[in-house]
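**Student:** Contents are compact mmCIF, C-alpha atoms and all ligand atoms; file name start33.txt:
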# COMPACT_ATOMS: atom_id res chain seq x y z
CA MET Z 1 66.27 66.89 -25.58
CA LYS Z 2 62.79 68.34 -25.08
CA ARG Z 3 60.67 66.17 -22.81
CA ARG Z 4 57.41 64.78 -24.16
CA LEU Z 5 54.17 65.84 -22.46
CA CYS Z 6 51.16 63.72 -21.52
CA LEU Z 7 47.71 65.01 -20.57
CA VAL Z 8 46.00 62.68 -18.09
CA THR Z 9 42.32 63.13 -17.23
CA GLY Z 10 41.05 61.85 -13.89
CA ALA Z 11 44.56 62.07 -12.45
CA SER Z 12 43.47 62.78 -8.87
CA ALA Z 13 42.98 59.11 -7.96
CA GLY Z 14 43.31 55.45 -8.95
CA ILE Z 15 44.34 54.49 -12.47
CA GLY Z 16 44.82 58.11 -13.63
CA ALA Z 17 47.23 58.95 -10.78
CA GLU Z 18 49.17 55.77 -11.64
CA PHE Z 19 49.38 56.84 -15.31
CA ALA Z 20 50.83 60.15 -14.13
CA ARG Z 21 53.40 58.33 -11.95
CA GLN Z 22 54.46 55.94 -14.72
CA TYR Z 23 54.76 58.62 -17.41
CA ALA Z 24 56.74 60.82 -14.98
CA ALA Z 25 59.05 57.85 -14.26
CA LEU Z 26 59.58 57.59 -18.04
CA GLY Z 27 60.69 61.25 -18.04
CA TRP Z 28 57.56 62.81 -19.53
CA ASN Z 29 56.21 66.20 -18.41
CA LEU Z 30 52.56 66.11 -17.43
CA SER Z 31 49.32 68.04 -17.57
CA LEU Z 32 46.89 66.73 -15.01
CA THR Z 33 43.17 67.35 -14.81
CA ALA Z 34 40.25 66.35 -12.55
CA ARG Z 35 37.93 68.27 -10.21
CA ARG Z 36 39.96 67.94 -6.96
CA ALA Z 37 42.72 70.51 -7.43
CA ASP Z 38 44.25 69.82 -3.99
CA ARG Z 39 44.92 66.20 -4.94
CA LEU Z 40 46.38 67.22 -8.31
CA ASP Z 41 48.67 69.80 -6.66
CA ALA Z 42 49.93 67.20 -4.19
CA LEU Z 43 50.62 64.71 -7.00
CA ALA Z 44 52.35 67.40 -9.07
CA ALA Z 45 54.66 68.25 -6.15
CA GLU Z 46 55.41 64.53 -5.59
CA LEU Z 47 56.27 63.89 -9.25
CA THR Z 48 58.39 67.02 -9.68
CA ALA Z 49 60.38 66.13 -6.55
CA ALA Z 50 60.80 62.47 -7.53
CA TYR Z 51 61.53 62.79 -11.26
CA GLY Z 52 62.35 66.45 -11.96
CA VAL Z 53 59.55 66.70 -14.53
CA GLU Z 54 57.29 69.72 -15.14
CA VAL Z 55 53.69 69.16 -14.06
CA HIS Z 56 50.83 71.53 -14.91
CA VAL Z 57 47.51 71.30 -13.11
CA PHE Z 58 44.19 72.26 -14.71
CA ALA Z 59 41.18 71.70 -12.44
CA GLU Z 60 38.11 71.01 -14.59
CA ASP Z 61 34.76 69.28 -14.31
CA LEU Z 62 34.50 67.27 -17.53
CA ALA Z 63 30.72 67.09 -17.11
CA ASP Z 64 30.74 70.71 -18.31
CA PRO Z 65 30.48 70.50 -22.14
CA SER Z 66 32.79 73.51 -22.52
CA ALA Z 67 35.59 71.92 -20.41
CA PRO Z 68 37.54 70.09 -23.19
CA ALA Z 69 37.80 73.23 -25.35
CA ARG Z 70 38.77 75.32 -22.30
CA LEU Z 71 41.41 72.78 -21.33
CA VAL Z 72 42.98 72.71 -24.78
CA ALA Z 73 42.94 76.54 -24.92
CA ALA Z 74 44.65 76.67 -21.50
CA LEU Z 75 47.35 74.24 -22.70
CA GLU Z 76 47.90 76.30 -25.85
CA GLY Z 77 47.96 79.48 -23.76
CA LYS Z 78 50.95 78.07 -21.85
CA GLY Z 79 52.62 76.96 -25.09
CA LEU Z 80 52.29 73.28 -24.12
CA GLU Z 81 52.32 70.68 -26.94
CA VAL Z 82 50.56 67.45 -26.08
CA ASP Z 83 52.30 64.25 -27.24
CA GLY Z 84 50.27 61.82 -25.15
CA LEU Z 85 46.62 61.80 -24.06
CA VAL Z 86 45.18 59.45 -21.46
CA ASN Z 87 41.38 59.69 -21.43
CA ASN Z 88 40.85 58.08 -18.04
CA ALA Z 89 38.31 60.13 -16.01
CA GLY Z 90 35.27 58.04 -15.22
CA TYR Z 91 32.87 56.60 -12.71
CA GLY Z 92 29.83 54.34 -12.44
CA LEU Z 93 26.39 55.78 -11.79
CA PRO Z 94 24.64 54.22 -8.79
CA GLY Z 95 21.07 53.00 -9.43
CA THR Z 96 19.29 51.65 -12.50
CA PHE Z 97 18.54 53.41 -15.79
CA PHE Z 98 14.92 53.71 -14.56
CA SER Z 99 15.85 55.21 -11.20
CA THR Z 100 18.39 57.82 -12.37
CA ARG Z 101 17.68 61.37 -13.55
CA TRP Z 102 18.34 62.20 -17.22
CA GLU Z 103 20.70 65.00 -16.11
CA ASP Z 104 22.92 62.40 -14.42
CA GLN Z 105 22.91 60.13 -17.49
CA ALA Z 106 23.73 63.11 -19.73
CA ALA Z 107 26.66 64.14 -17.49
CA PHE Z 108 27.86 60.52 -17.52
CA LEU Z 109 27.89 60.50 -21.33
CA GLN Z 110 29.71 63.83 -21.36
CA VAL Z 111 32.50 62.73 -18.97
CA LEU Z 112 32.98 59.15 -20.19
CA TYR Z 113 32.38 59.48 -23.94
CA THR Z 114 32.04 62.98 -25.40
CA ALA Z 115 35.00 64.52 -23.52
CA PRO Z 116 37.46 61.74 -24.57
CA VAL Z 117 36.31 61.98 -28.19
CA GLU Z 118 36.50 65.80 -28.20
CA LEU Z 119 39.95 65.88 -26.57
CA THR Z 120 41.18 63.35 -29.15
CA HIS Z 121 39.70 65.43 -31.98
CA ARG Z 122 41.25 68.66 -30.70
CA LEU Z 123 44.71 67.21 -29.94
CA LEU Z 124 45.24 64.89 -32.93
CA PRO Z 125 46.09 67.66 -35.46
CA GLY Z 126 49.04 68.84 -33.31
CA MET Z 127 50.24 65.24 -32.94
CA ALA Z 128 49.97 64.78 -36.72
CA ALA Z 129 51.91 67.99 -37.38
CA ARG Z 130 54.72 66.82 -35.05
CA GLY Z 131 54.58 63.21 -36.30
CA PHE Z 132 54.13 61.60 -32.87
CA GLY Z 133 51.19 60.78 -30.63
CA ARG Z 134 50.04 58.28 -28.03
CA ILE Z 135 46.35 58.11 -27.07
CA ILE Z 136 45.07 55.71 -24.43
CA ASN Z 137 41.32 55.50 -23.83
CA VAL Z 138 40.59 53.77 -20.53
CA ALA Z 139 37.65 51.56 -21.48
CA SER Z 140 36.72 48.41 -19.54
CA LEU Z 141 36.20 44.67 -19.75
CA ALA Z 142 32.56 45.70 -19.26
CA GLY Z 143 32.66 46.96 -22.87
CA TYR Z 144 32.74 43.33 -24.06
CA ALA Z 145 29.18 42.51 -22.91
CA ALA Z 146 25.80 44.14 -22.40
CA GLY Z 147 25.44 46.00 -19.09
CA SER Z 148 23.31 44.57 -16.34
CA ALA Z 149 20.90 46.91 -14.53
CA GLY Z 150 22.89 49.51 -12.63
CA HIS Z 151 25.61 49.44 -15.31
CA THR Z 152 23.18 50.06 -18.17
CA LEU Z 153 24.98 52.83 -20.02
CA TYR Z 154 28.47 51.96 -18.70
CA ALA Z 155 28.85 48.95 -21.01
CA SER Z 156 27.61 50.91 -24.05
CA VAL Z 157 30.02 53.77 -23.41
CA LYS Z 158 33.02 51.51 -22.82
CA SER Z 159 32.15 49.43 -25.89
CA GLY Z 160 31.97 52.69 -27.87
CA LEU Z 161 35.42 53.70 -26.59
CA ILE Z 162 36.86 50.36 -27.75
CA LYS Z 163 35.42 50.83 -31.27
CA PHE Z 164 36.50 54.48 -31.33
CA SER Z 165 40.10 53.54 -30.41
CA GLU Z 166 40.25 50.83 -33.07
CA SER Z 167 38.91 53.30 -35.64
CA ILE Z 168 41.40 56.05 -34.74
CA GLU Z 169 44.31 53.58 -34.87
CA ALA Z 170 43.16 52.43 -38.34
CA GLU Z 171 42.58 56.00 -39.59
CA CYS Z 172 46.03 57.16 -38.45
CA ALA Z 173 47.67 54.19 -40.20
CA ALA Z 174 45.66 54.78 -43.37
CA LEU Z 175 46.63 58.47 -43.43
CA GLY Z 176 50.32 57.63 -42.98
CA HIS Z 177 50.67 58.80 -39.37
CA THR Z 178 52.83 55.81 -38.55
CA ASP Z 179 53.99 57.04 -35.12
CA ILE Z 180 50.56 58.00 -33.78
CA HIS Z 181 48.84 55.19 -31.93
CA CYS Z 182 45.55 54.83 -30.11
CA THR Z 183 44.70 52.04 -27.67
CA ALA Z 184 41.64 51.07 -25.66
CA LEU Z 185 42.79 49.77 -22.26
CA CYS Z 186 40.18 47.35 -20.89
CA PRO Z 187 40.73 46.65 -17.19
CA GLY Z 188 38.62 44.33 -15.09
CA PHE Z 189 38.28 44.89 -11.35
CA THR Z 190 41.08 47.24 -10.32
CA TRP Z 191 41.85 48.62 -6.86
CA SER Z 192 41.01 52.35 -6.88
CA GLU Z 193 38.25 54.62 -5.53
CA PHE Z 194 35.85 53.57 -8.32
CA HIS Z 195 33.74 51.17 -6.22
CA ASP Z 196 33.58 53.63 -3.29
CA VAL Z 197 32.27 56.34 -5.63
CA ASN Z 198 29.54 54.13 -7.13
CA GLY Z 199 28.60 52.64 -3.76
CA THR Z 200 29.39 48.99 -4.53
CA ARG Z 201 32.44 48.54 -2.25
CA GLU Z 202 30.57 46.28 0.19
CA THR Z 203 29.44 43.90 -2.58
CA THR Z 204 32.67 43.94 -4.55
CA ASN Z 205 34.74 43.25 -1.41
CA LYS Z 206 33.07 39.82 -1.32
CA MET Z 207 34.42 38.94 -4.77
CA PRO Z 208 37.43 36.61 -5.05
CA LYS Z 209 40.74 38.44 -4.72
CA TRP Z 210 42.17 36.77 -7.86
CA LEU Z 211 39.70 38.81 -9.92
CA TRP Z 212 41.39 42.05 -8.81
CA MET Z 213 44.46 43.85 -10.12
CA GLU Z 214 46.55 46.71 -8.77
CA ALA Z 215 46.57 49.87 -10.92
CA ALA Z 216 50.33 49.58 -11.68
CA PRO Z 217 50.26 46.48 -13.96
CA VAL Z 218 47.04 47.74 -15.61
CA VAL Z 219 48.72 51.01 -16.54
CA ARG Z 220 51.94 49.28 -17.63
CA ALA Z 221 49.90 47.13 -20.03
CA GLY Z 222 48.28 50.27 -21.50
CA ILE Z 223 51.57 52.09 -22.07
CA GLU Z 224 53.25 49.01 -23.59
CA ALA Z 225 50.27 48.37 -25.89
CA VAL Z 226 50.07 51.93 -27.24
CA ASN Z 227 53.82 51.95 -27.91
CA ARG Z 228 53.40 48.75 -29.92
CA GLY Z 229 50.41 50.12 -31.88
CA LYS Z 230 47.99 47.60 -30.36
CA PRO Z 231 44.43 49.02 -30.63
CA VAL Z 232 42.96 47.05 -27.70
CA VAL Z 233 44.56 45.56 -24.60
CA VAL Z 234 43.02 43.55 -21.76
CA PRO Z 235 45.43 43.43 -18.78
CA GLY Z 236 45.81 40.29 -16.64
CA ALA Z 237 45.25 36.58 -17.29
CA ALA Z 238 41.81 36.35 -15.61
CA ASN Z 239 40.52 39.37 -17.55
CA LYS Z 240 41.93 37.99 -20.82
CA LEU Z 241 40.10 34.72 -20.17
CA MET Z 242 36.81 36.55 -19.53
CA ALA Z 243 37.23 38.67 -22.68
CA THR Z 244 37.79 35.48 -24.69
CA LEU Z 245 34.74 33.80 -23.15
CA THR Z 246 32.50 36.73 -24.15
CA ARG Z 247 33.59 36.12 -27.75
CA ILE Z 248 33.20 32.33 -27.87
CA LEU Z 249 30.14 31.67 -25.70
CA PRO Z 250 26.82 31.60 -27.59
CA GLU Z 251 25.21 35.08 -27.41
CA PRO Z 252 21.97 33.85 -25.74
CA TRP Z 253 24.09 32.56 -22.79
CA GLY Z 254 25.65 35.98 -22.34
CA ARG Z 255 22.21 37.65 -22.45
CA ALA Z 256 20.85 35.16 -19.89
CA MET Z 257 23.73 36.02 -17.54
CA VAL Z 258 23.02 39.76 -17.92
CA ARG Z 259 19.30 39.14 -17.19
CA ALA Z 260 20.19 37.13 -14.07
CA GLN Z 261 22.44 39.96 -12.84
CA SER Z 262 19.73 42.56 -13.59
CA SER Z 263 17.07 40.64 -11.69
CA ARG Z 264 18.77 41.71 -8.44
CA TYR Z 265 17.25 45.15 -9.13
CA ARG Z 266 13.72 44.08 -10.09
CA LYS Z 267 12.08 45.70 -7.04
CA LEU Z 268 13.41 49.17 -7.91
N1 LIG Z 301 38.48 50.41 -10.98
C1 LIG Z 301 37.96 49.53 -11.80
O1 LIG Z 301 37.61 48.40 -11.39
C2 LIG Z 301 37.81 49.86 -13.26
C3 LIG Z 301 37.60 48.81 -14.17
C4 LIG Z 301 37.46 49.11 -15.52
C5 LIG Z 301 37.57 50.40 -15.97
N2 LIG Z 301 37.78 51.41 -15.08
C6 LIG Z 301 37.86 52.77 -15.62
O2 LIG Z 301 39.07 53.37 -15.19
C7 LIG Z 301 38.94 54.79 -15.19
C8 LIG Z 301 39.51 55.35 -13.90
O3 LIG Z 301 38.75 54.90 -12.81
P1 LIG Z 301 39.41 54.50 -11.41
O4 LIG Z 301 39.14 53.07 -11.20
O5 LIG Z 301 40.80 54.99 -11.32
O6 LIG Z 301 38.43 55.31 -10.43
P2 LIG Z 301 38.72 56.44 -9.33
O7 LIG Z 301 39.82 56.01 -8.43
O8 LIG Z 301 37.39 56.74 -8.73
O9 LIG Z 301 39.22 57.68 -10.20
C9 LIG Z 301 38.34 58.35 -11.10
C10 LIG Z 301 38.96 59.64 -11.60
O10 LIG Z 301 38.04 60.26 -12.50
C11 LIG Z 301 37.89 61.63 -12.14
N3 LIG Z 301 36.57 62.15 -12.47
C12 LIG Z 301 35.35 61.63 -12.12
N4 LIG Z 301 34.37 62.46 -12.52
C13 LIG Z 301 34.97 63.52 -13.11
C14 LIG Z 301 34.48 64.73 -13.71
N5 LIG Z 301 33.17 65.02 -13.74
N6 LIG Z 301 35.37 65.61 -14.22
C15 LIG Z 301 36.70 65.34 -14.17
N7 LIG Z 301 37.23 64.23 -13.61
C16 LIG Z 301 36.37 63.34 -13.09
C17 LIG Z 301 38.12 61.64 -10.60
O11 LIG Z 301 38.59 62.93 -10.20
P3 LIG Z 301 37.74 64.01 -9.35
O12 LIG Z 301 36.76 63.27 -8.49
O13 LIG Z 301 38.82 64.72 -8.58
O14 LIG Z 301 37.12 64.88 -10.39
C18 LIG Z 301 39.25 60.61 -10.48
O15 LIG Z 301 40.49 61.23 -10.70
C19 LIG Z 301 37.44 55.07 -15.40
O16 LIG Z 301 37.22 55.47 -16.74
C20 LIG Z 301 36.77 53.72 -15.12
O17 LIG Z 301 35.57 53.59 -15.84
C21 LIG Z 301 37.90 51.17 -13.74
Translate this file's structure into C-alpha cells.
**Tutor:**
Amino acid sequence: MKRRLCLVTGASAGIGAEFARQYAALGWNLSLTARRADRLDALAAELTAAYGVEVHVFAEDLADPSAPARLVAALEGKGLEVDGLVNNAGYGLPGTFFSTRWEDQAAFLQVLYTAPVELTHRLLPGMAARGFGRIINVASLAGYAAGSAGHTLYASVKSGLIKFSESIEAECAALGHTDIHCTALCPGFTWSEFHDVNGTRETTNKMPKWLWMEAAPVVRAGIEAVNRGKPVVVPGAANKLMATLTRILPEPWGRAMVRAQSSRYRKL
C-alpha cells in the first residue's frame, strides 16, 4: 500500500523534529522544511535508516512571502501528494512591541500566521480530491490569554491559529469532507530550542519543572486529537488546568495578571 506523506514545517528542532519522528514511526513518508538544511538532512538520514520511509528535504525561510507557493510547487514537481500538514515553525520575538522593528514583526506574522494559512489553503484541495487529510497547527496555551509585553503579538497569532483550526474543521465537516481534520495543538512550556532562540532560557529555567513537558507527549496528543477530529487539544494536566482557568476566571483578573507581567518591561 502507498505510504501517506506528511509535510512538517520547522522540522529542524524541537516539536517539529518530534513530529517527523512520530509520523515516520507510524510509517508515513515525510517532507521536511526549515532554514537549517544540514539539520534536516541529518534527520532525514536518521528516519530513513530507522523506519525505511522516504524523506524529502526542502530548505526554506518561511519569512519570505513567496516560500509557501515555492514549497508547494517543489512538492508537485516531485509528484508528491501531501496527506498531512504540520504547521509548526515558530519562535518568539525578543523585546517589546515598542522596542522591535516593524520588519521583524512583519516577518513574525508571515512565519507564524500567513505561511500556515497559505499552506493549508494550497494543500486542502488535493486532500479533498483524495478524501483524506490531517492538518495540525501548532498554536500555544498562550493563545488563551492576552500577551504580556514581550509576547505582544505571539498571543494574538496563536489565538488566531486556534480559531482558524476550529473554522477549517467545521468547514470540512459542513462540506462533507468527513476524513479531513484540522486541530490546533496548544502546548504550554515544552523542552525545545524555543527559549534559547527568544533569549528567555535563564528566566524560564527558574520555573517549576512540573510546568514543563517533553516534546514526545505533546506531539502524541496532537496526532491523536487530529485523528479523532478534535479541533483543539491542550496537552498535559497542568496545561489543561491553566486553559480552564483562563475560561472561568473573571476577565478583569486575567487582564490584571497580564499588566503585572508587562510591568517588568516598563523601563524599556
Ligand atoms: N517550546 C515551547 O514552550 C512552546 C510552547 C507553545 C508553543 N510552541 C510552538 O511550537 C512550535 C515549535 O517550536 P519549538 O518549541 O519546537 O521551538 P524550536 O526548537 O526553536 O524549533 C522551531 C522551529 O521553527 C523553525 N523556524 C523558525 N523560524 C523559521 C523560518 N523563518 N523559516 C522556517 N522555519 C523556521 C526552526 O528551524 P530553522 O531555525 O532551521 O529555520 C525550528 O525548526 C512554534 O510554533 C512555537 O510557537 C512552543
**Student:** Select the residues contacting ligand LIG 301 (chain Z) at a distance of at most 7 Å, based on all atoms listed in the file, then format the selection as a PyMOL selection string.
**Tutor:** chain Z and resi 9-16+33-36+60-63+88-92+111-112+138-141+186-195+197
**Student:** As an mmCIF file with C-alpha atoms, in the frame of the given file, please: the residues near Z:Gly150 (cut-off 10 Å, all atoms listed in the file, same-chain neighbours under 4 positions excluded).
**Tutor:**
data_model
loop_
_atom_site.group_PDB
_atom_site.id
_atom_site.type_symbol
_atom_site.label_atom_id
_atom_site.label_comp_id
_atom_site.auth_asym_id
_atom_site.auth_seq_id
_atom_site.Cartn_x
_atom_site.Cartn_y
_atom_site.Cartn_z
ATOM 1 C CA GLY Z 92 29.830 54.340 -12.440
ATOM 2 C CA LEU Z 93 26.390 55.780 -11.790
ATOM 3 C CA PRO Z 94 24.640 54.220 -8.790
ATOM 4 C CA GLY Z 95 21.070 53.000 -9.430
ATOM 5 C CA THR Z 96 19.290 51.650 -12.500
ATOM 6 C CA PHE Z 97 18.540 53.410 -15.790
ATOM 7 C CA PHE Z 98 14.920 53.710 -14.560
ATOM 8 C CA SER Z 99 15.850 55.210 -11.200
ATOM 9 C CA THR Z 100 18.390 57.820 -12.370
ATOM 10 C CA TYR Z 154 28.470 51.960 -18.700
ATOM 11 C CA ASN Z 198 29.540 54.130 -7.130
ATOM 12 C CA GLN Z 261 22.440 39.960 -12.840
ATOM 13 C CA SER Z 262 19.730 42.560 -13.590
ATOM 14 C CA ARG Z 264 18.770 41.710 -8.440
ATOM 15 C CA TYR Z 265 17.250 45.150 -9.130
#
**Student:** When you look at stretch 64-77 of chain Z with a cut-off of 7 Å (counting all atoms listed in the file), what residues show up, excluding the ones that are within fewer than 3 positions of it in the same chain? I need them as number ranges by chain.
**Tutor:** Z: 60-61, 80, 110, 115, 118-119
**Student:** For atom CA of Z:Val8 and atom CA of Z:Lys78, quote the distance in Å rounded to one decimal.
**Tutor:** 16.6 Å
**Student:** Just the residues within 10 Å of stretch 45-55 of chain Z, please, counting all atoms listed in the file, with nothing from its chain fewer than 5 positions along; format it as a PyMOL selection string.
**Tutor:** chain Z and resi 3+5-7+20-32+40
**Student:** Excluding Z:Leu124 and its own-chain neighbours fewer than 2 positions away, which residues fall within 12 Å of it when counting all atoms listed in the file? Please give them as a PyMOL selection string.
**Tutor:** chain Z and resi 72+81-85+116-122+126-135+168-169+171-172+177+179-182
**Student:** With only C-alpha atoms as the atoms that count, which of Z:Ser148, Z:Asn137, Z:Asn87, Z:Asn227 lies nearest to Z:Arg255?
**Tutor:**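 Closest to Z:Arg255, using only C-alpha atoms: Z:Ser148.
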**Student:** Suppose you want the space between atom CA of Z:Leu109 and atom CA of Z:Met213; what is it in Å?
**Tutor:**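 Going from atom CA of Z:Leu109 over to atom CA of Z:Met213, I get 26.0 Å.
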**Student:** Between atom CA of Z:Val258 and atom CA of Z:Phe108, measure the distance and give it in Å to one decimal.
**Tutor:**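 Separation between atom CA of Z:Val258 and atom CA of Z:Phe108: 21.3 Å.
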**Student:** For the point (35.4, 57.9, -28.9) in file coordinates, what residues are within 7 Å, counting only C-alpha atoms? Give the answer as a ChimeraX atom specification?
**Tutor:** /Z:113,116-117,160-161,164-165
